[in-house]
Structure formats: C-alpha cells, structure tokens
$ cat upload_0.txt   # compact mmCIF, C-alpha atoms
# COMPACT_ATOMS: atom_id res chain seq x y z
CA SER A 15 -47.83 -131.04 -119.81
CA VAL A 16 -47.34 -132.81 -116.55
CA LEU A 17 -44.90 -135.66 -116.14
CA VAL A 18 -45.10 -137.94 -113.09
CA LEU A 19 -41.91 -139.71 -112.01
CA ALA A 20 -41.14 -141.82 -108.96
CA MET A 21 -37.61 -141.92 -107.61
CA ILE A 22 -36.51 -145.39 -106.57
CA ALA A 23 -34.12 -144.64 -103.73
CA THR A 24 -35.05 -146.75 -100.72
CA PRO A 25 -35.05 -150.44 -99.86
CA ALA A 26 -38.88 -150.37 -99.85
CA GLY A 27 -38.94 -148.70 -103.26
CA LEU A 28 -36.61 -151.30 -104.67
CA ALA A 29 -38.59 -154.17 -103.13
CA ASN A 30 -41.81 -152.80 -104.63
CA VAL A 31 -40.49 -151.45 -107.91
CA ALA A 32 -42.74 -153.61 -110.13
CA GLU A 33 -45.84 -152.45 -108.26
CA ILE A 34 -44.66 -148.85 -108.32
CA CYS A 35 -44.05 -149.02 -112.07
CA ALA A 36 -47.57 -150.39 -112.56
CA THR A 37 -49.14 -147.38 -110.85
CA PRO A 38 -51.74 -145.80 -113.16
CA GLY A 39 -50.66 -142.36 -114.34
CA LEU A 40 -46.98 -142.89 -113.60
CA ASP A 41 -44.84 -141.84 -116.56
CA GLY A 42 -41.49 -143.11 -115.36
CA VAL A 43 -39.03 -143.90 -112.62
CA TYR A 44 -35.74 -142.26 -111.80
CA ILE A 45 -32.59 -143.57 -110.16
CA GLY A 46 -30.51 -141.38 -107.91
CA PRO A 47 -27.40 -143.56 -107.71
CA ALA A 48 -26.11 -142.21 -104.40
CA ASP A 49 -29.38 -142.93 -102.61
CA LEU A 50 -29.80 -146.30 -104.33
CA ARG A 51 -26.26 -147.34 -103.41
CA LEU A 52 -27.04 -146.58 -99.76
CA ALA A 53 -30.37 -148.44 -100.09
CA VAL A 54 -28.59 -151.63 -101.20
CA GLY A 55 -26.22 -151.54 -98.24
CA GLY A 56 -23.45 -149.17 -99.24
CA ALA A 57 -21.57 -147.60 -96.34
CA THR A 58 -21.29 -144.39 -98.37
CA ALA A 59 -22.94 -142.98 -101.49
CA SER A 60 -20.00 -144.21 -103.57
CA ASP A 61 -19.12 -147.45 -101.75
CA PRO A 62 -17.54 -149.80 -104.32
CA ALA A 63 -18.10 -152.80 -102.04
CA VAL A 64 -21.72 -152.97 -103.24
CA ASP A 65 -21.06 -152.50 -106.97
CA ASP A 66 -22.52 -155.88 -107.93
CA VAL A 67 -25.70 -155.59 -105.86
CA PHE A 68 -26.08 -151.98 -107.01
CA GLU A 69 -25.93 -152.98 -110.68
CA GLU A 70 -28.43 -155.80 -110.02
CA ALA A 71 -30.80 -153.21 -108.53
CA VAL A 72 -30.29 -150.94 -111.54
CA VAL A 73 -31.20 -153.77 -113.91
CA LYS A 74 -34.23 -154.68 -111.78
CA ILE A 75 -35.52 -151.10 -111.94
CA ALA A 76 -34.93 -150.75 -115.68
CA GLU A 77 -36.65 -154.07 -116.38
CA ALA A 78 -39.65 -153.19 -114.19
CA ALA A 79 -40.07 -149.90 -116.04
CA ALA A 80 -39.77 -151.59 -119.44
CA ASP A 81 -42.29 -154.27 -118.42
CA ALA A 82 -44.73 -151.54 -117.37
CA GLY A 83 -44.12 -149.51 -120.54
CA ILE A 84 -42.85 -146.44 -118.71
CA ALA A 85 -39.65 -144.42 -118.90
CA ALA A 86 -36.58 -145.21 -116.81
CA GLY A 87 -34.12 -142.46 -115.98
CA PHE A 88 -30.75 -142.24 -114.31
CA HIS A 89 -28.86 -139.36 -112.69
CA THR A 90 -25.27 -139.41 -113.90
CA PRO A 91 -22.16 -137.42 -112.99
CA THR A 92 -20.83 -137.03 -116.54
CA GLY A 93 -21.83 -137.24 -120.16
CA GLU A 94 -19.77 -140.41 -120.53
CA VAL A 95 -21.74 -142.17 -117.79
CA ALA A 96 -24.99 -140.86 -119.27
CA LYS A 97 -24.02 -142.34 -122.64
CA ARG A 98 -23.34 -145.72 -120.99
CA ARG A 99 -26.65 -145.74 -119.10
CA LEU A 100 -28.59 -144.72 -122.22
CA ALA A 101 -26.88 -147.52 -124.17
CA GLN A 102 -27.92 -149.85 -121.34
CA GLY A 103 -31.54 -149.05 -122.19
CA PHE A 104 -32.43 -146.11 -119.99
CA THR A 105 -34.90 -143.70 -121.56
CA TYR A 106 -33.36 -140.51 -120.22
CA ALA A 107 -30.45 -139.31 -118.13
CA THR A 108 -29.69 -136.20 -116.18
CA VAL A 109 -26.07 -135.08 -116.17
CA SER A 110 -24.47 -133.59 -113.09
CA CYS A 111 -26.28 -130.76 -111.32
CA ASP A 112 -26.50 -126.99 -111.46
CA LEU A 113 -24.06 -126.43 -108.59
CA VAL A 114 -21.37 -128.59 -110.22
CA HIS A 115 -21.87 -126.86 -113.57
CA LEU A 116 -21.59 -123.43 -111.94
CA GLU A 117 -18.47 -124.44 -110.00
CA GLU A 118 -16.80 -125.81 -113.15
CA ALA A 119 -17.65 -122.67 -115.13
CA ALA A 120 -16.38 -120.42 -112.35
CA MET A 121 -13.12 -122.38 -112.07
CA ALA A 122 -12.62 -122.21 -115.83
CA HIS A 123 -13.12 -118.43 -115.77
CA LEU A 124 -10.74 -118.07 -112.83
CA SER A 125 -8.10 -120.19 -114.58
CA ALA A 126 -8.43 -118.09 -117.73
CA ALA A 127 -8.07 -114.88 -115.72
CA ARG A 128 -4.95 -116.16 -113.95
CA GLU A 129 -3.17 -117.29 -117.14
CA GLY A 130 -0.41 -115.05 -118.41
$ encode --input "upload_0.txt" --output "structure tokens"
Amino acid sequence: SVLVLAMIATPAGLANVAEICATPGLDGVYIGPADLRLAVGGATASDPAVDDVFEEAVVKIAEAAADAGIAAGFHTPTGEVAKRRLAQGFTYATVSCDLVHLEEAAMAHLSAAREG
C-alpha cells in the first residue's frame, strides 16, 4: 500500500491548505509543529508568543482535512500530547523521534549501570 501525505509547514501551505487537502489522491496532511510555529511567525520553533495563532493554524488544518475527508496527523513530543491532539480530532499522531527514543533508552541503561 502507498499512503500519500502532505506536510503543512510553510506560510504558503497554510494559506492553501484547503486546496492542498482537495488534491486527488492525497490521503492526509501532517503537522510538524516546529516548522508550523515558525511559519506563523514564531521567532523559534517553540516560541510561546505565537501560541494563539499557532493553535488557530492547527484548527484550520484539521478542519480542512476533515472537510476533504482525509486524515490529519500531528507530530508530538510525548504520549500525553499525542493523546490531547487525538482527542482534538486528529486521525493519527507520531510520538517523538528515533533519536530521542535511543537517547532516553541509553540514559536509562547508563543510570541502571551506575546505581549501587
């Protein structure tokens, strides 16, 4: 099976999200929150000064996907955030990334080895 997703991560992508979601053959859209936060004017990938406009963009993307009948996904840093985004109506969520998981596992092993 092949799944076709478009990442909405630029000002142009956000401005054209309804048209993007209506693209024939597109299965879903995906939000990378760091890129999207920068796209809505954040000074950094975690700039809290744009929280409100960021959340408005998130809703806009989710609604455009729902209107087009396609999936809407969100990259999240933790399971707790994934749960919140899924409850918000997102179809799927990715949690963290391979490097973070490997670092956390390695630190846990190192801590266990150093105990006692």
$ atom_distance --input "upload_0.txt" --atom1 "atom CA of Glu117 of chain A" --atom2 "atom CA of Lys97 of chain A"
22.6 Å
$ atom_distance --input "upload_0.txt" --atom1 "atom CA of Ala96 of chain A" --atom2 "atom CA of His115 of chain A"
15.4 Å
$ closest_residue --input "upload_0.txt" --among "A:Leu40, A:Ala120, A:Asn30, A:Ala23" --to "Phe68 of chain A" --atoms "only C-alpha atoms"
A:Ala23
$ residues_near_point --input "upload_0.txt" --point "(-32.6, -149.1, -99.0)" --cutoff "7 Å" --atoms "only C-alpha atoms" --output "MDAnalysis selection string"
chainID A and resid 23:26 50 52:55
$ axis_aligned_box --input "upload_0.txt" --around "segment 71-80 of chain A" --padding-each-side "8 Å" --output "lines of an AutoDock Vina configuration file"
center_x = -35.2
center_y = -152.3
center_z = -114.0
size_x = 25.8
size_y = 20.8
size_z = 26.9
$ atom_distance --input "upload_0.txt" --atom1 "atom CA of Ala85 of chain A" --atom2 "atom CA of Ser60 of chain A"
24.9 Å
$ closest_residue --input "upload_0.txt" --among "A:Ala86, A:Val18, A:Ala59, A:Ala29" --to "Gln102 of chain A" --atoms "only C-alpha atoms"
A:Ala86
$ residues_around --input "upload_0.txt" --residues "His89 of chain A" --least-positions-apart "3" --cutoff "8 Å" --atoms "all atoms listed in the file" --output "JSON, numbers by chain"
{"A": [44, 45, 46, 47, 96, 107, 108, 109, 110]}
$ residues_around --input "upload_0.txt" --residues "Ile75 of chain A" --least-positions-apart "2" --cutoff "10 Å" --atoms "all atoms listed in the file" --output "list in words"
Ile22, Gly27, Leu28, Ala29, Asn30, Val31, Ala32, Cys35, Val43, Tyr44, Ile45, Glu69, Glu70, Ala71, Val72, Val73, Glu77, Ala78, Ala79, Ala80, Asp81, Ala86, Gly87 and Phe104 of chain A
$ closest_residue --input "upload_0.txt" --among "A:Phe88, A:Thr58, A:Cys111, A:Val64" --to "Leu19 of chain A" --atoms "all atoms listed in the file"
A:Phe88
$ residues_around --input "upload_0.txt" --residues "Asp112 of chain A" --least-positions-apart "6" --cutoff "12 Å" --atoms "all atoms listed in the file" --output "CSV table (one decimal) with C-alpha atoms, in the coordinates of the input"
chain,number,residue,atom,x,y,z
A,91,PRO,CA,-22.2,-137.4,-113.0
A,118,GLU,CA,-16.8,-125.8,-113.2
A,119,ALA,CA,-17.6,-122.7,-115.1
